[in-house]
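Containing PDB, C-alpha atoms: my_file09.pdb.
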ATOM      1  CA  MET I   1    -105.820  38.280-114.972
ATOM      2  CA  PRO I   2    -106.539  42.022-115.262
ATOM      3  CA  LEU I   3    -107.383  43.228-118.779
ATOM      4  CA  VAL I   4    -106.133  46.552-120.155
ATOM      5  CA  LYS I   5    -106.203  48.235-123.564
ATOM      6  CA  ALA I   6    -102.994  48.394-125.615
ATOM      7  CA  ILE I   7    -101.679  48.864-129.123
ATOM      8  CA  ARG I   8    -100.615  45.551-130.655
ATOM      9  CA  VAL I   9     -98.817  44.685-133.875
ATOM     10  CA  HIS I  10     -99.760  41.315-135.396
ATOM     11  CA  GLU I  11     -98.085  41.824-138.780
ATOM     12  CA  LEU I  12     -95.358  44.121-140.048
ATOM     13  CA  GLY I  13     -96.149  47.142-142.167
ATOM     14  CA  GLY I  14     -97.368  50.719-142.056
ATOM     15  CA  PRO I  15     -99.174  52.521-139.234
ATOM     16  CA  GLU I  16    -102.402  50.747-140.167
ATOM     17  CA  VAL I  17    -101.124  47.436-138.686
ATOM     18  CA  MET I  18    -101.347  48.887-135.163
ATOM     19  CA  ARG I  19    -104.489  47.608-133.410
ATOM     20  CA  TRP I  20    -106.164  48.970-130.268
ATOM     21  CA  GLU I  21    -107.266  45.895-128.329
ATOM     22  CA  GLN I  22    -107.565  44.244-124.946
ATOM     23  CA  VAL I  23    -104.586  42.378-123.502
ATOM     24  CA  GLU I  24    -103.920  40.543-120.253
ATOM     25  CA  VAL I  25    -101.441  42.378-118.041
ATOM     26  CA  GLY I  26    -100.934  39.761-115.330
ATOM     27  CA  GLU I  27     -99.260  40.141-111.948
ATOM     28  CA  PRO I  28     -95.611  41.104-111.397
ATOM     29  CA  LYS I  29     -93.198  38.279-110.574
ATOM     30  CA  ASP I  30     -89.974  38.408-108.572
ATOM     31  CA  GLY I  31     -88.080  41.612-109.326
ATOM     32  CA  GLU I  32     -90.953  43.130-111.335
ATOM     33  CA  ILE I  33     -93.421  45.976-110.925
ATOM     34  CA  ARG I  34     -96.675  46.827-112.686
ATOM     35  CA  VAL I  35     -96.977  50.423-113.840
ATOM     36  CA  LYS I  36    -100.139  52.306-114.850
ATOM     37  CA  ASN I  37     -98.827  54.568-117.579
ATOM     38  CA  THR I  38     -99.780  58.246-117.508
ATOM     39  CA  ALA I  39     -97.690  59.449-120.470
ATOM     40  CA  ILE I  40     -95.895  57.457-123.174
ATOM     41  CA  GLY I  41     -93.054  58.640-125.397
ATOM     42  CA  VAL I  42     -93.026  58.011-129.143
ATOM     43  CA  ASN I  43     -89.663  57.309-130.794
ATOM     44  CA  PHE I  44     -88.458  56.341-134.247
ATOM     45  CA  ILE I  45     -87.314  52.994-132.881
ATOM     46  CA  ASP I  46     -91.017  52.154-132.423
ATOM     47  CA  ILE I  47     -91.452  52.560-136.179
ATOM     48  CA  TYR I  48     -88.401  50.383-136.861
ATOM     49  CA  PHE I  49     -89.935  47.530-134.858
ATOM     50  CA  ARG I  50     -93.320  47.971-136.556
ATOM     51  CA  GLN I  51     -91.674  47.845-139.992
ATOM     52  CA  GLY I  52     -89.444  44.883-139.134
ATOM     53  CA  VAL I  53     -86.139  46.764-139.348
ATOM     54  CA  TYR I  54     -85.630  45.419-135.832
ATOM     55  CA  SER I  55     -87.215  42.073-135.067
ATOM     56  CA  ALA I  56     -89.590  41.138-132.251
ATOM     57  CA  PRO I  57     -91.844  38.095-131.754
ATOM     58  CA  ARG I  58     -95.392  38.864-132.900
ATOM     59  CA  PRO I  59     -97.842  39.934-131.767
ATOM     60  CA  PHE I  60     -96.079  42.614-129.741
ATOM     61  CA  VAL I  61     -96.913  45.843-127.961
ATOM     62  CA  PRO I  62     -94.544  48.580-129.192
ATOM     63  CA  GLY I  63     -93.113  51.402-127.120
ATOM     64  CA  MET I  64     -89.815  51.952-125.314
ATOM     65  CA  GLU I  65     -90.545  54.616-122.692
ATOM     66  CA  ALA I  66     -93.225  55.924-120.367
ATOM     67  CA  VAL I  67     -93.984  57.482-117.020
ATOM     68  CA  GLY I  68     -96.519  56.047-114.628
ATOM     69  CA  VAL I  69     -97.573  55.046-111.157
ATOM     70  CA  VAL I  70     -96.663  51.689-109.622
ATOM     71  CA  THR I  71     -99.843  49.644-109.062
ATOM     72  CA  ALA I  72     -98.297  46.335-107.907
ATOM     73  CA  VAL I  73     -94.902  44.975-106.887
ATOM     74  CA  GLY I  74     -93.540  41.467-107.163
ATOM     75  CA  PRO I  75     -93.160  39.210-104.115
ATOM     76  CA  GLY I  76     -90.325  40.169-101.803
ATOM     77  CA  LEU I  77     -89.361  43.258-103.797
ATOM     78  CA  THR I  78     -87.865  46.106-101.774
ATOM     79  CA  GLY I  79     -87.114  49.653-102.834
ATOM     80  CA  ARG I  80     -90.396  50.078-104.759
ATOM     81  CA  LYS I  81     -93.933  50.441-103.467
ATOM     82  CA  VAL I  82     -97.426  50.972-104.799
ATOM     83  CA  GLY I  83     -97.946  54.654-105.541
ATOM     84  CA  ASP I  84     -94.347  55.405-106.572
ATOM     85  CA  VAL I  85     -94.029  57.567-109.689
ATOM     86  CA  VAL I  86     -91.396  56.167-112.041
ATOM     87  CA  ALA I  87     -90.016  56.720-115.508
ATOM     88  CA  TYR I  88     -88.547  53.994-117.687
ATOM     89  CA  ALA I  89     -86.952  53.687-121.091
ATOM     90  CA  GLY I  90     -85.481  50.903-123.184
ATOM     91  CA  LYS I  91     -86.183  47.207-122.956
ATOM     92  CA  PRO I  92     -88.462  45.435-122.393
ATOM     93  CA  MET I  93     -90.633  46.886-125.122
ATOM     94  CA  GLY I  94     -94.342  47.323-124.474
ATOM     95  CA  SER I  95     -95.126  50.814-123.182
ATOM     96  CA  TYR I  96     -98.010  51.460-125.647
ATOM     97  CA  ALA I  97    -100.421  50.113-123.029
ATOM     98  CA  GLN I  98    -102.553  51.379-120.183
ATOM     99  CA  GLU I  99    -100.542  49.171-117.817
ATOM    100  CA  HIS I 100     -97.225  47.381-118.292
ATOM    101  CA  ILE I 101     -95.082  44.997-116.259
ATOM    102  CA  ILE I 102     -91.370  45.861-116.222
ATOM    103  CA  PRO I 103     -88.281  44.824-114.265
ATOM    104  CA  ALA I 104     -87.965  47.104-111.246
ATOM    105  CA  CYS I 105     -84.305  47.669-112.100
ATOM    106  CA  VAL I 106     -85.163  49.674-115.252
ATOM    107  CA  ALA I 107     -87.473  52.108-113.431
ATOM    108  CA  VAL I 108     -86.090  55.445-112.284
ATOM    109  CA  PRO I 109     -87.773  57.592-109.621
ATOM    110  CA  LEU I 110     -89.240  60.726-111.203
ATOM    111  CA  PRO I 111     -88.301  63.984-109.447
ATOM    112  CA  PRO I 112     -91.479  65.804-108.388
ATOM    113  CA  SER I 113     -90.281  68.968-110.152
ATOM    114  CA  ILE I 114     -90.701  67.299-113.577
ATOM    115  CA  ASP I 115     -94.212  66.656-114.900
ATOM    116  CA  HIS I 116     -95.169  63.296-116.401
ATOM    117  CA  THR I 117     -95.564  64.476-119.993
ATOM    118  CA  THR I 118     -92.157  66.173-120.004
ATOM    119  CA  ALA I 119     -90.491  63.121-118.504
ATOM    120  CA  ALA I 120     -92.101  60.769-121.031
ATOM    121  CA  ALA I 121     -90.862  63.034-123.814
ATOM    122  CA  VAL I 122     -87.297  63.271-122.532
ATOM    123  CA  MET I 123     -86.378  59.956-120.894
ATOM    124  CA  LEU I 124     -85.232  57.951-123.918
ATOM    125  CA  LYS I 125     -84.284  60.927-126.102
ATOM    126  CA  GLY I 126     -82.521  62.676-123.238
ATOM    127  CA  MET I 127     -80.460  59.658-122.252
ATOM    128  CA  THR I 128     -79.637  59.163-125.933
ATOM    129  CA  ALA I 129     -78.384  62.750-126.120
ATOM    130  CA  HIS I 130     -76.397  62.271-122.909
ATOM    131  CA  VAL I 131     -74.692  59.149-124.216
ATOM    132  CA  LEU I 132     -73.937  60.720-127.607
ATOM    133  CA  LEU I 133     -72.502  63.963-126.199
ATOM    134  CA  ARG I 134     -70.786  62.774-123.023
ATOM    135  CA  ARG I 135     -69.689  59.210-123.666
ATOM    136  CA  VAL I 136     -69.589  58.259-127.372
ATOM    137  CA  PHE I 137     -67.872  61.543-128.256
ATOM    138  CA  GLN I 138     -67.117  63.973-125.442
ATOM    139  CA  VAL I 139     -68.108  67.369-126.790
ATOM    140  CA  GLN I 140     -66.074  70.223-125.321
ATOM    141  CA  THR I 141     -65.688  73.976-125.666
ATOM    142  CA  GLY I 142     -64.264  74.803-129.081
ATOM    143  CA  HIS I 143     -65.621  71.734-130.864
ATOM    144  CA  SER I 144     -67.850  72.085-133.902
ATOM    145  CA  VAL I 145     -70.736  69.643-134.290
ATOM    146  CA  LEU I 146     -73.209  68.911-137.075
ATOM    147  CA  VAL I 147     -76.656  67.669-136.045
ATOM    148  CA  HIS I 148     -78.951  66.277-138.726
ATOM    149  CA  ALA I 149     -82.718  66.556-138.097
ATOM    150  CA  ALA I 150     -81.944  69.358-135.655
ATOM    151  CA  ALA I 151     -85.624  70.080-134.962
ATOM    152  CA  GLY I 152     -86.487  66.467-134.113
ATOM    153  CA  GLY I 153     -86.888  65.029-130.639
ATOM    154  CA  VAL I 154     -83.251  63.970-130.130
ATOM    155  CA  GLY I 155     -81.884  66.651-132.449
ATOM    156  CA  SER I 156     -83.419  69.440-130.385
ATOM    157  CA  LEU I 157     -81.802  68.100-127.202
ATOM    158  CA  LEU I 158     -78.430  67.584-128.899
ATOM    159  CA  CYS I 159     -78.408  71.209-130.067
ATOM    160  CA  GLN I 160     -79.324  72.631-126.657
ATOM    161  CA  TRP I 161     -76.875  70.469-124.740
ATOM    162  CA  ALA I 162     -73.972  70.884-127.191
ATOM    163  CA  ASN I 163     -74.460  74.646-127.085
ATOM    164  CA  ALA I 164     -74.341  74.586-123.284
ATOM    165  CA  LEU I 165     -71.099  72.594-123.478
ATOM    166  CA  GLY I 166     -69.505  75.398-125.508
ATOM    167  CA  ALA I 167     -69.556  73.830-128.978
ATOM    168  CA  THR I 168     -70.350  75.569-132.252
ATOM    169  CA  VAL I 169     -73.581  73.888-133.343
ATOM    170  CA  ILE I 170     -74.628  73.459-136.979
ATOM    171  CA  GLY I 171     -78.034  71.917-137.634
ATOM    172  CA  THR I 172     -79.863  70.687-140.710
ATOM    173  CA  VAL I 173     -83.649  70.992-141.128
ATOM    174  CA  SER I 174     -86.186  70.760-143.947
ATOM    175  CA  ASN I 175     -88.023  74.092-143.746
ATOM    176  CA  GLU I 176     -88.115  77.646-142.346
ATOM    177  CA  GLU I 177     -90.366  76.760-139.393
ATOM    178  CA  LYS I 178     -87.995  74.044-138.215
ATOM    179  CA  ALA I 179     -85.041  76.363-138.834
ATOM    180  CA  ALA I 180     -86.520  78.893-136.404
ATOM    181  CA  GLN I 181     -86.948  76.180-133.776
ATOM    182  CA  ALA I 182     -83.391  74.915-134.253
ATOM    183  CA  ALA I 183     -82.062  78.438-133.810
ATOM    184  CA  GLN I 184     -84.039  78.793-130.577
ATOM    185  CA  ASP I 185     -82.563  75.481-129.442
ATOM    186  CA  GLY I 186     -78.993  76.687-129.719
ATOM    187  CA  CYS I 187     -77.965  76.146-133.332
ATOM    188  CA  HIS I 188     -75.475  78.838-134.273
ATOM    189  CA  HIS I 189     -75.892  77.961-137.956
ATOM    190  CA  VAL I 190     -78.991  76.351-139.474
ATOM    191  CA  ILE I 191     -78.920  74.769-142.937
ATOM    192  CA  ILE I 192     -82.196  74.178-144.770
ATOM    193  CA  TYR I 193     -81.127  71.149-146.765
ATOM    194  CA  THR I 194     -83.985  71.500-149.263
ATOM    195  CA  LYS I 195     -82.556  74.872-150.335
ATOM    196  CA  GLU I 196     -78.818  74.670-149.616
ATOM    197  CA  ASP I 197     -76.017  72.167-150.128
ATOM    198  CA  VAL I 198     -75.095  70.887-146.687
ATOM    199  CA  VAL I 199     -71.439  70.052-147.431
ATOM    200  CA  THR I 200     -70.778  73.421-149.082
ATOM    201  CA  ARG I 201     -72.343  75.344-146.206
ATOM    202  CA  VAL I 202     -70.487  73.342-143.532
ATOM    203  CA  LYS I 203     -67.178  74.004-145.276
ATOM    204  CA  GLU I 204     -68.018  77.727-145.459
ATOM    205  CA  ILE I 205     -68.947  77.870-141.776
ATOM    206  CA  THR I 206     -65.803  76.004-140.669
ATOM    207  CA  ASP I 207     -63.380  77.802-143.040
ATOM    208  CA  GLY I 208     -62.885  74.608-144.997
ATOM    209  CA  LYS I 209     -61.907  72.434-142.024
ATOM    210  CA  GLY I 210     -65.094  70.485-141.398
ATOM    211  CA  VAL I 211     -66.614  69.521-138.053
ATOM    212  CA  ASN I 212     -65.269  67.387-135.217
ATOM    213  CA  VAL I 213     -68.362  65.192-135.043
ATOM    214  CA  VAL I 214     -71.549  64.529-137.004
ATOM    215  CA  TYR I 215     -74.638  63.195-135.238
ATOM    216  CA  ASP I 216     -76.654  61.448-137.937
ATOM    217  CA  SER I 217     -80.059  59.887-137.280
ATOM    218  CA  VAL I 218     -81.155  60.039-140.933
ATOM    219  CA  GLY I 219     -78.959  57.316-142.426
ATOM    220  CA  LYS I 220     -79.112  56.483-146.106
ATOM    221  CA  ASP I 221     -79.768  59.994-147.456
ATOM    222  CA  THR I 222     -77.116  61.754-145.364
ATOM    223  CA  TYR I 223     -74.251  59.271-144.921
ATOM    224  CA  LYS I 224     -72.117  60.436-147.838
ATOM    225  CA  GLY I 225     -72.493  64.112-146.969
ATOM    226  CA  SER I 226     -71.805  63.412-143.313
ATOM    227  CA  VAL I 227     -68.443  61.859-144.176
ATOM    228  CA  GLU I 228     -67.557  64.832-146.395
ATOM    229  CA  CYS I 229     -68.419  67.288-143.598
ATOM    230  CA  LEU I 230     -65.920  65.800-141.135
ATOM    231  CA  GLU I 231     -62.487  67.211-140.470
ATOM    232  CA  SER I 232     -59.422  64.967-140.270
ATOM    233  CA  HIS I 233     -59.762  62.480-137.364
ATOM    234  CA  GLY I 234     -63.459  63.393-137.062
ATOM    235  CA  MET I 235     -66.167  61.016-135.902
ATOM    236  CA  LEU I 236     -69.443  60.079-137.577
ATOM    237  CA  VAL I 237     -71.963  58.970-134.975
ATOM    238  CA  SER I 238     -74.738  57.108-136.790
ATOM    239  CA  PHE I 239     -77.618  56.558-134.381
ATOM    240  CA  GLY I 240     -80.655  56.192-136.622
ATOM    241  CA  GLN I 241     -81.887  55.552-140.138
ATOM    242  CA  SER I 242     -85.105  57.466-140.716
ATOM    243  CA  SER I 243     -84.405  57.550-144.481
ATOM    244  CA  GLY I 244     -83.363  53.899-144.654
ATOM    245  CA  THR I 245     -80.300  51.804-143.881
ATOM    246  CA  PRO I 246     -77.071  53.186-145.371
ATOM    247  CA  ASP I 247     -75.418  51.093-148.070
ATOM    248  CA  PRO I 248     -72.440  48.961-146.981
ATOM    249  CA  ILE I 249     -69.589  51.288-146.029
ATOM    250  CA  PRO I 250     -66.132  50.661-147.532
ATOM    251  CA  LEU I 251     -63.231  51.274-145.166
ATOM    252  CA  SER I 252     -61.698  53.485-147.836
ATOM    253  CA  ASP I 253     -64.375  56.080-146.983
ATOM    254  CA  LEU I 254     -62.733  56.461-143.580
ATOM    255  CA  ALA I 255     -59.104  56.140-144.667
ATOM    256  CA  ALA I 256     -58.982  59.404-146.630
ATOM    257  CA  LYS I 257     -59.121  61.496-143.424
ATOM    258  CA  SER I 258     -58.451  58.849-140.732
ATOM    259  CA  LEU I 259     -62.096  59.081-139.683
ATOM    260  CA  PHE I 260     -63.962  57.234-136.948
ATOM    261  CA  LEU I 261     -67.404  55.684-137.408
ATOM    262  CA  THR I 262     -69.600  54.327-134.641
ATOM    263  CA  ARG I 263     -73.153  52.966-134.415
ATOM    264  CA  PRO I 264     -73.976  53.185-130.688
ATOM    265  CA  SER I 265     -76.994  51.779-128.888
ATOM    266  CA  LEU I 266     -78.302  53.443-125.733
ATOM    267  CA  MET I 267     -78.945  50.005-124.222
ATOM    268  CA  HIS I 268     -75.215  49.214-124.267
ATOM    269  CA  TYR I 269     -74.390  52.449-122.421
ATOM    270  CA  THR I 270     -77.081  52.038-119.732
ATOM    271  CA  ALA I 271     -76.647  48.302-119.189
ATOM    272  CA  THR I 272     -75.871  48.589-115.468
ATOM    273  CA  ARG I 273     -78.070  50.176-112.817
ATOM    274  CA  ASP I 274     -75.345  52.737-112.046
ATOM    275  CA  GLU I 275     -75.053  53.759-115.705
ATOM    276  CA  LEU I 276     -78.831  54.094-115.995
ATOM    277  CA  LEU I 277     -79.132  56.250-112.871
ATOM    278  CA  GLN I 278     -76.204  58.433-113.920
ATOM    279  CA  SER I 279     -77.614  59.043-117.392
ATOM    280  CA  ALA I 280     -81.184  59.680-116.227
ATOM    281  CA  GLY I 281     -79.907  61.838-113.373
ATOM    282  CA  GLU I 282     -77.958  64.111-115.708
ATOM    283  CA  VAL I 283     -80.964  64.438-117.999
ATOM    284  CA  PHE I 284     -83.361  65.335-115.177
ATOM    285  CA  ALA I 285     -80.814  67.775-113.688
ATOM    286  CA  ASN I 286     -80.449  69.563-117.023
ATOM    287  CA  VAL I 287     -84.219  69.761-117.420
ATOM    288  CA  ALA I 288     -84.588  71.172-113.909
ATOM    289  CA  SER I 289     -81.827  73.752-114.456
ATOM    290  CA  GLY I 290     -83.234  74.910-117.787
ATOM    291  CA  VAL I 291     -80.336  73.689-119.926
ATOM    292  CA  LEU I 292     -82.809  71.409-121.711
ATOM    293  CA  ARG I 293     -86.174  72.810-122.755
ATOM    294  CA  ILE I 294     -88.514  70.011-123.762
ATOM    295  CA  ARG I 295     -90.820  70.673-126.681
ATOM    296  CA  VAL I 296     -93.868  68.433-126.470
ATOM    297  CA  ASN I 297     -95.390  69.797-129.657
ATOM    298  CA  HIS I 298     -97.792  66.915-130.257
ATOM    299  CA  THR I 299     -99.962  64.746-128.004
ATOM    300  CA  TYR I 300    -102.317  61.998-129.150
ATOM    301  CA  PRO I 301    -104.615  59.576-127.334
ATOM    302  CA  LEU I 302    -102.898  56.198-127.030
ATOM    303  CA  SER I 303    -105.676  54.667-129.152
ATOM    304  CA  GLN I 304    -104.537  56.932-132.026
ATOM    305  CA  ALA I 305    -100.898  55.850-131.967
ATOM    306  CA  ALA I 306    -101.165  54.920-135.657
ATOM    307  CA  ARG I 307    -101.861  58.565-136.524
ATOM    308  CA  ALA I 308     -98.893  59.651-134.438
ATOM    309  CA  HIS I 309     -96.644  57.227-136.362
ATOM    310  CA  ALA I 310     -97.994  58.404-139.719
ATOM    311  CA  ASP I 311     -97.349  62.058-138.839
ATOM    312  CA  LEU I 312     -93.840  61.300-137.544
ATOM    313  CA  GLN I 313     -92.898  59.382-140.695
ATOM    314  CA  ALA I 314     -94.328  62.122-142.925
ATOM    315  CA  ARG I 315     -92.110  64.658-141.070
ATOM    316  CA  LYS I 316     -95.211  66.602-140.030
ATOM    317  CA  THR I 317     -93.956  66.799-136.460
ATOM    318  CA  SER I 318     -91.218  68.634-134.601
ATOM    319  CA  GLY I 319     -89.945  68.210-131.075
ATOM    320  CA  SER I 320     -91.407  65.332-129.086
ATOM    321  CA  ILE I 321     -94.602  63.283-129.391
ATOM    322  CA  VAL I 322     -96.391  61.893-126.349
ATOM    323  CA  LEU I 323     -99.301  59.459-126.165
ATOM    324  CA  ILE I 324    -101.816  59.885-123.339
ATOM    325  CA  PRO I 325    -103.580  56.650-122.303
ATOM    326  CA  ASP I 326    -107.324  56.662-122.930
ATOM    327  CA  ASP I 327    -109.527  56.226-119.865
TER     328      ASP I 327
END

Entire entry expressed as structure tokens:
Amino acid sequence: MPLVKAIRVHELGGPEVMRWEQVEVGEPKDGEIRVKNTAIGVNFIDIYFRQGVYSAPRPFVPGMEAVGVVTAVGPGLTGRKVGDVVAYAGKPMGSYAQEHIIPACVAVPLPPSIDHTTAAAVMLKGMTAHVLLRRVFQVQTGHSVLVHAAAGGVGSLLCQWANALGATVIGTVSNEEKAAQAAQDGCHHVIIYTKEDVVTRVKEITDGKGVNVVYDSVGKDTYKGSVECLESHGMLVSFGQSSGTPDPIPLSDLAAKSLFLTRPSLMHYTATRDELLQSAGEVFANVASGVLRIRVNHTYPLSQAARAHADLQARKTSGSIVLIPDD
């Protein structure tokens, strides 16, 4: 079997548990393709698997998205050929590798107008933003939205897209540099949460009403404030937990204003081939039209994925992180 280099996790823990080692890649079976990755996206879900927040049999190769070139196709497979350029995101995990075997049904043709690094940065985050803004809660002109971690990979896309949809966008960030980026990305109001009280500022901005929807990827540290920022009948969309898992939520928290709470997963909204193609298609169209500007602010060699994780967890990064496979 062909050998390639990959990042593997043998035990749970910090970035230091990620090892750069040889693995067997094998040959694709029925319905599968082998992809030589050219650019690999880094996402917080990769950290959750490494820490054990989400479980996976060990050892495992982390990574949920990449772009690459098809190097082999399974027997009898039609619709894919060697040399095709494809992007993929979601399960099966394992994109932190020079080559990776995936089901052909999860691969999406990459438009030639979009470069590999941009696509690797936007595939998972972009489809997440699409699902959050167009399906979980349909943002429309006149809505007000609050985006936590507005300068992050998904946060940046949420701000740009919500602005284009005609919403009033409020974003939270940790410092002046990230505030400037959030403003460039379409935030009408930026709150530096280390200097200002988020709930007080949101109430001031909305004349005491609160927002229609909060997009919260932070979790434990922001849950209470997120609830307080919502208007009556508002929705809290919890889609991450970078600060830790929120404490158990009593229904009485929602009853006071007849609130809605949801914890969506992208995988449930792109479960069919049609849903996947629709979501990816809208993302690529918005990139091509300029609605979404992708900030790949950090690239690392794949062999240094541990450093990328450490920087992401320490909030030293903004925008998207991409790993480039070592030769």

Long-range neighbours of Val73 in chain I as an NGL selection string, 10 Å cut-off, all atoms listed in the file, 6 positions minimum in chain
:I and (27-35 or 79-82 or 101 or 103-104)

Among listed residues I:Ser320, I:Val154, I:Ala310, I:Thr117, nearest Val17 in chain I (using only C-alpha atoms)
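With only C-alpha atoms as the atom set, the closest residue is I:Ala310.
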
Explicit residues for the PyMOL selection byres ((chain I and resi 147) around 7) (as a list in words):
Val145, Leu146, His148, Ala149, Ala150, Gly155, Ile170, Gly171, Thr172, Val214, Tyr215 and Asp216 of chain I

Give me, as number ranges by chain, all polymer residues having an atom no more than 9 Å from Tyr300 in chain I, counting all atoms listed in the file and skipping those fewer than 6 positions away in the same chain.
I: 307-308, 321-325

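Proximity to range 192-208 of chain I at 7 Å, evaluated using all atoms listed in the file and with sequence-adjacent residues fewer than 5 positions away removed, yields Thr172, Val173, Ser174, Asn175, Ala179, Gly225, Glu228 and Cys229 of chain I.
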